[in-house]
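Asker: I'd like to ask some things about the structure below.
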Amino acid sequence: MLKKYGFVFTEFGTSGREDKIRESIAKYLKGKVDKIDVDVNGSLICLKKGNGKNKKKLMFAAHMDAIGFIITHIDKNGFLRFSAVGYQPSYRIVSKQVIFENQVRGVIGIEKDEDFKSITEKKLFIDIGANSKDEAEKMVEIGMTAIMVNNPFEQNNKLFSSYLDDRIGCAILLELIDNIKEPYHDVYYVFTSQEEVGVRGAKTSSYSVEPDLGIALDVTVASDTPEVEFASSTSFGKGAAIKVMDRGIIVAKKLVDFLVQLCEKNKIPYQKEILTMGATDAMAIQQTKGGIIAGTISIPTRYVHSANEVCDLGDVESSVKLCGKIAETEFPF
Ligand code: CO
Ligand code: ZN
């Protein structure tokens with residue numbers, strides 16, 4: 001995964017500031033798809049035309065944006081106060097290195113040691129080594145965003161990286177584009193913007209694509225670590241996670257059944273996913289226009305929304321296989 005798509009996991013791109021990751025993906029896809037568009041909200045919409053007799057419009061969506069930080073205030077000593085962009089529990093980010101869109105780097109400091117849960121972003125700041133407000137303002141400005149510095153690696157068929165949410169979904173789309181040369185359906189590969197702040201990119205891009213079926217690729221919580229509080233039904237190594245429900249969607253039974261049948265028929269490992277928190281782009285797609293059949297294929301991931309997320313590459317492979325089958329099978333609905 002990293003060998004081929006390493007850039008996907010390290011490229012800058014906070015919600016609403018996806019320019020760099022979008023440009024890198026578009027560059028990689030040049031000549032590999034029939035059409036590439038960028039919509040007003042920054043989603044990248046790529047079409048690969050199908051050749052099936054009863055072909056329909058299939059949309060795969062993965063969000064490019066990552067959670068991050070935005071500078072809200074620069075104090076007289078040059079320390080930066082910030083606000084999270086997207087859901088970012090404060091206790092997970094203390095002492096982490098960050099990098100801004102202009103390559104300035106820093107580290108997240110805390111006013112004084114606190115109990116884990118009482119740490120809020122009000123008590124945190126970013127130290128960029130500036131000695132004064134003036135000096136800091138020559139390096140960064142209010143409204144500039146940052147992500148955590150990321151050093152991804154693979155070990156024991158697991159991928160360790162920041163921003164698997166949802167760069168792993170983006171990498172899966174790239175893999176599908178590389179693998180499926182002649183799809184049955186017209187396949188729209190949509191790299192969406194602003195998912196982490198409320199599935200905004202998927203809302204507008206699915207409105208313009210108007211697919212017959214929309215499938216989001218995104219992470220879900222793997223509930224298989226020691227003493228974990230129950231949060232979801234999925235764990236590593238059991239295969240592609242077919243979403244049944246989360247806080248944003250209840251997937252149509254006919255779609256869940258269709259995906260399960262494809263897995264059974266093609267011997268693709270799968271597990272059913274019920275997540276009691278969170279949502280994905282499928283939520284926006286389902287509620288587009290008069291309503292669109294939509295679901296999610298999820299990658300069980302540990303430590304979601306932290307600086308170090310982990311997923312199982314076997315599950316990723318199962319998800320790629322399942323998506324491949326969807327693209328070449330006539331829909332039963
Ligand atoms: Co997320
Ligand atoms: Zn996500």
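Naming works like this for the structure tokens: A, B, ... for the chains as they're shown, residue 1 at the start of each chain, ligands 1 onward in shown order.
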How close does each residue of chain A get to ligand 2, giving the shortest atom pair and distance in Å to one decimal for every residue with an atom at most 6 Å away, counting only C-alpha atoms and all ligand atoms, sorted by chain and residue number, as a Markdown table?

Answerer:
| residue | atom | partner | partner_atom_place_in_ligand_line | distance |
| --- | --- | --- | --- | --- |
| A:Asp165 | CA | ligand 2 | 1 (Zn) | 4.4 |
| A:Asp166 | CA | ligand 2 | 1 (Zn) | 4.6 |
| A:Asp218 | CA | ligand 2 | 1 (Zn) | 5.1 |
| A:Val219 | CA | ligand 2 | 1 (Zn) | 5.7 |

Asker: Once you count only C-alpha atoms, what closest atom pair and distance in Å to one decimal does each residue of region 58-130 of chain A within 12 Å of region 45-49 of chain A have, with rows by chain and rising residue number, as JSON lines?

Answerer:
{"residue": "A:Leu58", "atom": "CA", "partner": "A:Leu47", "partner_atom": "CA", "distance": 9.7}
{"residue": "A:Met59", "atom": "CA", "partner": "A:Leu47", "partner_atom": "CA", "distance": 9.1}
{"residue": "A:Phe60", "atom": "CA", "partner": "A:Ile45", "partner_atom": "CA", "distance": 9.9}
{"residue": "A:Ala61", "atom": "CA", "partner": "A:Ile45", "partner_atom": "CA", "distance": 9.2}
{"residue": "A:Ala62", "atom": "CA", "partner": "A:Ile45", "partner_atom": "CA", "distance": 10.8}
{"residue": "A:His63", "atom": "CA", "partner": "A:Ile45", "partner_atom": "CA", "distance": 11.5}
{"residue": "A:Met64", "atom": "CA", "partner": "A:Ile45", "partner_atom": "CA", "distance": 11.9}

Asker: Write the residues of the preceding selection, restricted to C-alpha atoms, as a PDB file, in the first residue's frame.

Answerer:
ATOM      1  CA  LEU A  58     -22.089   3.847  -9.599  1.00  0.00           C
ATOM      2  CA  MET A  59     -20.414   6.333  -7.266  1.00  0.00           C
ATOM      3  CA  PHE A  60     -17.560   5.413  -4.957  1.00  0.00           C
ATOM      4  CA  ALA A  61     -16.766   8.152  -2.438  1.00  0.00           C
ATOM      5  CA  ALA A  62     -13.761   8.574  -0.159  1.00  0.00           C
ATOM      6  CA  HIS A  63     -12.974  11.782   1.660  1.00  0.00           C
ATOM      7  CA  MET A  64      -9.663  13.541   1.076  1.00  0.00           C
TER       8      MET A  64
END

Asker: Using only C-alpha atoms, determine which residues lie at most 7 Å from Lys203 (chain A), disregarding the query and same-chain residues fewer than 5 positions distant; provide the list as an MDAnalysis selection string.

Answerer: chainID A and resid 284:285 288

Asker: Which polymer residues have any atom within 7 Å of an atom of region 141-143 of chain A, counting only C-alpha atoms, with same-chain residues fewer than 6 positions away left out, as JSON, numbers by chain?

Answerer: {"A": [70, 71, 72, 73]}

Asker: Give as a compact mmCIF listing (two decimals) with C-alpha atoms, in the first residue's frame the residues surrounding ligand 1 up to a distance of 9 Å, considering only C-alpha atoms and all ligand atoms.

Answerer:
# COMPACT_ATOMS: atom_id res chain seq x y z
CA HIS A 63 -12.97 11.78 1.66
CA ASP A 65 -9.88 15.86 4.04
CA ALA A 66 -8.21 15.12 7.34
CA ILE A 67 -8.95 16.49 10.79
CA GLY A 86 -13.28 18.19 12.90
CA TYR A 87 -13.63 15.94 15.93
CA TYR A 163 -5.13 9.95 8.58
CA LEU A 164 -6.07 6.43 7.56
CA ASP A 165 -9.38 8.25 8.02
CA ASP A 166 -9.87 8.53 5.17
CA GLU A 195 -16.37 15.17 5.34
CA GLU A 196 -14.97 15.66 8.83
CA VAL A 197 -16.96 18.86 9.35
CA ASP A 218 -14.26 4.93 5.07
CA VAL A 219 -12.84 3.70 8.34
CA THR A 220 -14.85 2.33 11.25
CA GLY A 278 -20.13 8.69 13.69
CA ALA A 279 -21.26 8.80 10.09
CA THR A 280 -19.79 8.73 6.59
CA VAL A 304 -9.55 6.39 14.92
CA HIS A 305 -9.10 10.17 15.13

Asker: Counting only C-alpha atoms, which residue out of A:Glu317, A:Gln97, A:Ile168, A:Gly324 sits closest to Phe7 (chain A)?

Answerer: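 When distances to Phe7 (chain A) are compared using only C-alpha atoms, the smallest one comes from A:Ile168.
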
Asker: Which one is closest to Ser205 (chain A): A:Leu80, A:Val260, A:Ile93, A:Ala282? Count only C-alpha atoms.

Answerer: A:Ala282

Asker: DSSP on the backbone: what in region 52-255 of chain A comes out strand (DSSP E), as a ChimeraX atom specification?

Answerer: /A:57-63,68-74,80-85,97-100,105-110,124-127,145-148,153-155,158-161,186-192,213-221,240-245

Asker: CA of Gly198 (chain A) to CA of Ser15 (chain A): how many Å, to one decimal?

Answerer: 9.8 Å

Asker: Go ahead and compute the interatomic distance for CA of Thr296 (chain A) and CA of Ser161 (chain A), in Å to one decimal.

Answerer: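 Taking CA of Thr296 (chain A) as the start and CA of Ser161 (chain A) as the end point, the length is 21.6 Å.
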
Asker: From the DSSP assignment of the backbone, select every residue of region 49-186 of chain A that is alpha helix (DSSP H), and format the answer as a list in words.

Answerer: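 In region 49-186 of chain A, DSSP puts these residues in alpha helix (DSSP H): Lys133, Asp134, Glu135, Ala136, Glu137, Lys138, Met139, Leu164, Asp165, Asp166, Arg167, Ile168, Gly169, Cys170, Ala171, Ile172, Leu173, Leu174, Glu175, Leu176, Ile177, Asp178 and Asn179 of chain A.
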